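Just below is one structure, and these are the notes that go with it.
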Number of protein chains: 2
Amino acid sequence: MNAAQLWNRYKRYLSRIPALGLTLDVSRTGFADGALDHLDLNMVAAFREMDALEKGAIANPDENRMVGHYWLRAPDLAPTPAIAAEIRKTIADVKSFAAAVHSGKPRPPRAERYTGVLCIGIGGSALGPMFVADALGDPATDKLRIDFIDNTDPEGIDRTLRRLKGKLPETLCVVASKSGGTPETRNGMLLVADAYKAAGLDFPKQAVAITMPGSRMDKTADSEGWLARFPMYDWVGGRTSELSAVGLLPAALQGLDIDGLLAGAAACDEATRDRNLKNNPAAVMALMWFHATGGKGRKDMVVLPYKDRLLLFSRYLQQLVMESIGKQLDLKGNRVEQGLTVYGNKGSTDQHAYVQQLREGVPNFFAVFIRVLEDGGSSREVEPGAMAGDFLHGFLLGTRAALYENGRESMTITVPRVDARTVGGLIALFERAVGLYANLIGINAYHQPGVEAGKKAAASVLALQGKVIAALSDNPRTADQIAADIGSPDDAESVHLLLEHLTANGRAQLADPVSGAFSRVTKGGGR
Amino acid sequence: MNAAQLWNRYKRYLSRIPALGLTLDVSRTGFADGALDHLDLNMVAAFREMDALEKGAIANPDENRMVGHYWLRAPDLAPTPAIAAEIRKTIADVKSFAAAVHSGKPRPPRAERYTGVLCIGIGGSALGPMFVADALGDPATDKLRIDFIDNTDPEGIDRTLRRLKGKLPETLCVVASKSGGTPETRNGMLLVADAYKAAGLDFPKQAVAITMPGSRMDKTADSEGWLARFPMYDWVGGRTSELSAVGLLPAALQGLDIDGLLAGAAACDEATRDRNLKNNPAAVMALMWFHATGGKGRKDMVVLPYKDRLLLFSRYLQQLVMESIGKQLDLKGNRVEQGLTVYGNKGSTDQHAYVQQLREGVPNFFAVFIRVLEDGGSSREVEPGAMAGDFLHGFLLGTRAALYENGRESMTITVPRVDARTVGGLIALFERAVGLYANLIGINAYHQPGVEAGKKAAASVLALQGKVIAALSDNPRTADQIAADIGSPDDAESVHLLLEHLTANGRAQLADPVSGAFSRVTKGGGR
């Protein structure tokens, strides 16, 4: 297509949300002219299903649950007055709690006031809060310093705690787990509670829980008398929980504009219910995903925001998109092995990493550029007439052109700036695109059955470890022998791997490196 | 395959580097039994080419350059005594400079001593240093605080400088650019120099350059009298420069063990020259890449280190692997569109993000687990007999099993711990695998011709911007009109996008939103 044709295509298909100043340009994707002029029957059905979902249908049939994240920013739309009231109350509670903390009460037992918050959570309880904290925060001016623990790596937890050394008396700890039983979060909480105790502090007095009422964590928090508890709901999935208490509480504590987040998301929701594609970038994006991947995940989505503050967006989207779309079965039970792979960091940095491959290499992707109009920061000239932000913007346009020249598709989301409103809008935009796309390809976007397999396998590994430890003796035996002795001859490989790990941590001993025989740790023995 | 067969396969094909305690398990990839028992002719040739490369052949023919990153950690192998002496001198200079800074001299002009280092660089001058800083550093004990600027985002640069407010008098600034002309780095340097000046400081007195002798930056540093200069060489590519001054200087300043990094890499290099695959995990990995992707990049490589400190490894590998392998043409000039896509963050965190898709969804990937045996941190029990690190290890084994059950391939690299030696070893392992794999598929792994296209396109965008700014007047015109007026009617779309950006930054004005006509900024006018 020549330049004039591309420019016409740009103008003809640009989709806008004026309330956010957001546009989506799909001129550099190769859909057929006219394909976006009216909705086909599949798209009509996809919209109808989104309507039903928003009205409270059981849109997650496998788990028999409603899917209500859109109500979080428009409680009037909730299917019952009780749900609407609950949403409003939680938002109000988050705000008043954060305001109270900022004003110095609740006063921490052993410090003048809180200066920081340590958030413990994983998956949906970490990726959204971390993205928003980095997108909107500023260590120089945030009301509270914010840190995260999002894994069960004891050394990683320890490093975070070392950095907070001396600051725990003035650090609030927010523990978020929807189910209240996520092992990584539970482990993080236990290690952090130890650190509070070692510092002479009473952890419950500085701890806040975000979890489903009645969950294990909720009961713990209740019985130990934690400082506060905020609810999660069974109708909000982890990966769409950023605008529930899970995301709002850390953001409010950090001092970010949660009203802006909610309003931006609400504005996007309102726009993206529109059947007119010129006004609905989420629907256009879903259609482009279908176009680019054949509706089968045949290409990866490379997300390239040209703005440092959006660095963590693609990590957030990895969960939102891949956990939603990556499914073995469709709603009819057919084996479809669906998916949409997401990766990316930021431009122009990534141009110096892998854009070489994007431009020239295996054509297994399409790109989503995110273009931010306002530069911010210094406006000094770095070359005559050109500022640092002009380079950033120029690199985006240059890479978009270079990819197109070589037959690589891209689309471009433009926002005026990175603020609470646009960040809320971007989150809602991709949530809606995921919902519509899942309807188009006929899958349940709201469950995660594949996660269970890994959890079960891990649980059986840990159960096996218990047996291995119990079976260790002063008599050196190989993994094969121990596996046989504990009645699990088929688990010899796992037993061996567990013994390697136990040995590295001083809990078993490689007694004979030649035969690979392990024993209990003897004093002064072992390698 | 049943459990006993898998265990046999594990034992039969495990490849080891005893000097590093590193192993590679490929039992969960589906190569044919026997395929690793001896080298085929292609692999024999791949080794022969690596030998020639290490001896100083022009292994990067397009740029007529030697490829010498392996000499950086074994200067005895350098093809000339002059190169060997240069390498040794640089390492010695890095160490003595860092030691001097740590001991308080050179004393900063307006502070007692240096407490931090701010590194400016992008691509190979940032990804390695950032990975190593996070993998080995500890903010609680590092000799100098370390920060990075790796983009030309003025607001991102500003945020970093706000965080360093008041600390610039005691902050050393290291600017790394091999060519000395990378715009992002140049822009970062100019904005940072402004901040030093605004703080009443003399930037050159606190600035250190790492660049090719004679480059533009080298000349600037020389003429301005920068505190120090360290060399880059034309025989070291950006993405393999972590063990040159580019990586060593920041690491040494931070107080990390650069001898360990070099020794670990040297030990890996030595092992991975071995033709016996049982002793050469790099060669096995290259063969598995070939097996898994058909030698054509048909699958993505998902890198999953189960350790917080290795979070940035996959970002580092994105450049090392994708910029090396992602090529349009092979060495014979055939259009091959090669590549090997890399993404990943860390386990078990990513299990709560996208492992749902890996397990159940589109089978477009293979996984590389990184297993770290020593847990570190707290060893308190979180459940009877189980510690946080047991969960981390159990999740790795569980996910490996869950993927295999569903026909998804993986391999597992095991290292005893994350320290300088193993990090150096991991870097060298992937460098060697990339080199061997590139030989197998017949491409030049050491140039990046596709990066030029984006740079040229960006340069022409910036040139166009200059014309647009010059053409703006009080007379509102549309992008079409301005493009015609400056003699570039084909650039109307770019002109429009540039005007949007200029307008958002107060440098143009949307005079008529209906027609889309822009003018020069008039006082108090515009939207």
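FYI, nothing fancy with the structure tokens labels: chains A, B, ... in order, residues from 1 per chain, ligands from 1 as they appear.
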Residue list for chain B near chain A as a PyMOL selection string, 6 Å, only C-alpha atoms: chain B and resi 3+7+123+140+151-156+158+163+187+308+319+322-323+326-328+337-339+349+352-354+356-357+359-362+373-374+376-378+388-389+392+394-395+398-399+402+450-451+453-454+457-458+461+490+493+501+504-505
Using only C-alpha atoms, which residues sit within 6 Å of region 19-33 of chain B once same-chain residues fewer than 3 positions away are excluded, as a PDB file with N, CA and C atoms, in the first residue's frame?
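Final output, saved to around.pdb:
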```pdb
ATOM      1  N   ARG B   9      16.380 -41.625  30.991  1.00  0.00           N
ATOM      2  CA  ARG B   9      16.707 -40.576  30.030  1.00  0.00           C
ATOM      3  C   ARG B   9      17.405 -39.402  30.737  1.00  0.00           C
ATOM      4  N   TYR B  10      16.884 -39.074  31.913  1.00  0.00           N
ATOM      5  CA  TYR B  10      17.515 -38.013  32.716  1.00  0.00           C
ATOM      6  C   TYR B  10      18.988 -38.342  32.933  1.00  0.00           C
ATOM      7  N   LEU B  14      22.032 -36.265  30.968  1.00  0.00           N
ATOM      8  CA  LEU B  14      22.406 -35.102  31.790  1.00  0.00           C
ATOM      9  C   LEU B  14      23.805 -34.632  31.391  1.00  0.00           C
ATOM     10  N   SER B  15      23.922 -33.340  31.128  1.00  0.00           N
ATOM     11  CA  SER B  15      25.195 -32.762  30.714  1.00  0.00           C
ATOM     12  C   SER B  15      25.680 -31.864  31.849  1.00  0.00           C
ATOM     13  N   ARG B  16      26.981 -31.933  32.127  1.00  0.00           N
ATOM     14  CA  ARG B  16      27.483 -31.281  33.347  1.00  0.00           C
ATOM     15  C   ARG B  16      28.715 -30.423  33.099  1.00  0.00           C
ATOM     16  N   PRO B 281      26.951 -28.602  28.089  1.00  0.00           N
ATOM     17  CA  PRO B 281      25.527 -28.218  28.082  1.00  0.00           C
ATOM     18  C   PRO B 281      25.197 -27.167  27.026  1.00  0.00           C
ATOM     19  N   GLU B 409       7.411 -29.426  25.889  1.00  0.00           N
ATOM     20  CA  GLU B 409       8.818 -29.731  26.155  1.00  0.00           C
ATOM     21  C   GLU B 409       9.450 -28.711  27.101  1.00  0.00           C
ATOM     22  N   SER B 410      10.419 -29.184  27.859  1.00  0.00           N
ATOM     23  CA  SER B 410      11.200 -28.267  28.693  1.00  0.00           C
ATOM     24  C   SER B 410      12.592 -28.841  28.895  1.00  0.00           C
ATOM     25  N   MET B 411      13.507 -27.977  29.263  1.00  0.00           N
ATOM     26  CA  MET B 411      14.801 -28.430  29.774  1.00  0.00           C
ATOM     27  C   MET B 411      15.068 -27.680  31.066  1.00  0.00           C
ATOM     28  N   THR B 412      16.007 -28.182  31.851  1.00  0.00           N
ATOM     29  CA  THR B 412      16.255 -27.597  33.176  1.00  0.00           C
ATOM     30  C   THR B 412      17.747 -27.422  33.392  1.00  0.00           C
ATOM     31  N   ILE B 413      18.116 -26.168  33.624  1.00  0.00           N
ATOM     32  CA  ILE B 413      19.489 -25.857  34.019  1.00  0.00           C
ATOM     33  C   ILE B 413      19.519 -25.802  35.538  1.00  0.00           C
ATOM     34  N   THR B 414      20.439 -26.516  36.154  1.00  0.00           N
ATOM     35  CA  THR B 414      20.570 -26.457  37.612  1.00  0.00           C
ATOM     36  C   THR B 414      21.905 -25.822  37.964  1.00  0.00           C
ATOM     37  N   VAL B 415      21.859 -24.885  38.893  1.00  0.00           N
ATOM     38  CA  VAL B 415      23.093 -24.291  39.427  1.00  0.00           C
ATOM     39  C   VAL B 415      23.021 -24.350  40.947  1.00  0.00           C
TER      40      VAL B 415
END
```
Contacts between region 227-232 of chain B and region 143-222 of chain B, please, where a residue of region 143-222 of chain B counts if it comes within 8 Å (with only C-alpha atoms); show its shortest atom pair and distance in Å to one decimal, rows by chain and ascending number, as a tab-separated table.
```
residue	atom	partner	partner_atom	distance
B:Lys178	CA	B:Met232	CA	5.9
B:Pro204	CA	B:Leu227	CA	6.4
B:Lys205	CA	B:Leu227	CA	5.2
B:Gln206	CA	B:Leu227	CA	5.9
B:Ala207	CA	B:Leu227	CA	5.6
B:Val208	CA	B:Ala228	CA	4.8
B:Ala209	CA	B:Arg229	CA	4.7
B:Ile210	CA	B:Phe230	CA	4.7
B:Thr211	CA	B:Met232	CA	5.0
B:Met212	CA	B:Met232	CA	4.5
B:Pro213	CA	B:Pro231	CA	6.0
B:Asp218	CA	B:Arg229	CA	7.5
B:Ala221	CA	B:Arg229	CA	7.4
```
Who sits within 7 Å of Glu242 (chain A), only C-alpha atoms, same chain under 6 positions skipped, as a list of chain:residue names: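 Once the nearby chain positions are removed, what remains is A:Gly128, A:Pro129, A:Leu248.
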Export of the given selection (C-alpha atoms) as an mmCIF file, in the first residue's frame:
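Result file is part_5.cif:
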```
data_model
loop_
_atom_site.group_PDB
_atom_site.id
_atom_site.type_symbol
_atom_site.label_atom_id
_atom_site.label_comp_id
_atom_site.auth_asym_id
_atom_site.auth_seq_id
_atom_site.Cartn_x
_atom_site.Cartn_y
_atom_site.Cartn_z
ATOM 1 C CA GLY A 128 -1.738 -5.047 38.764
ATOM 2 C CA PRO A 129 -0.604 -3.287 41.941
ATOM 3 C CA LEU A 248 -7.113 0.214 45.092
#
```
If I take CA of Val434 (chain B) and CA of Tyr446 (chain B), how far is one from the other in Å, to one decimal?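 So the two atoms, CA of Val434 (chain B) and CA of Tyr446 (chain B), lie 10.1 Å apart.
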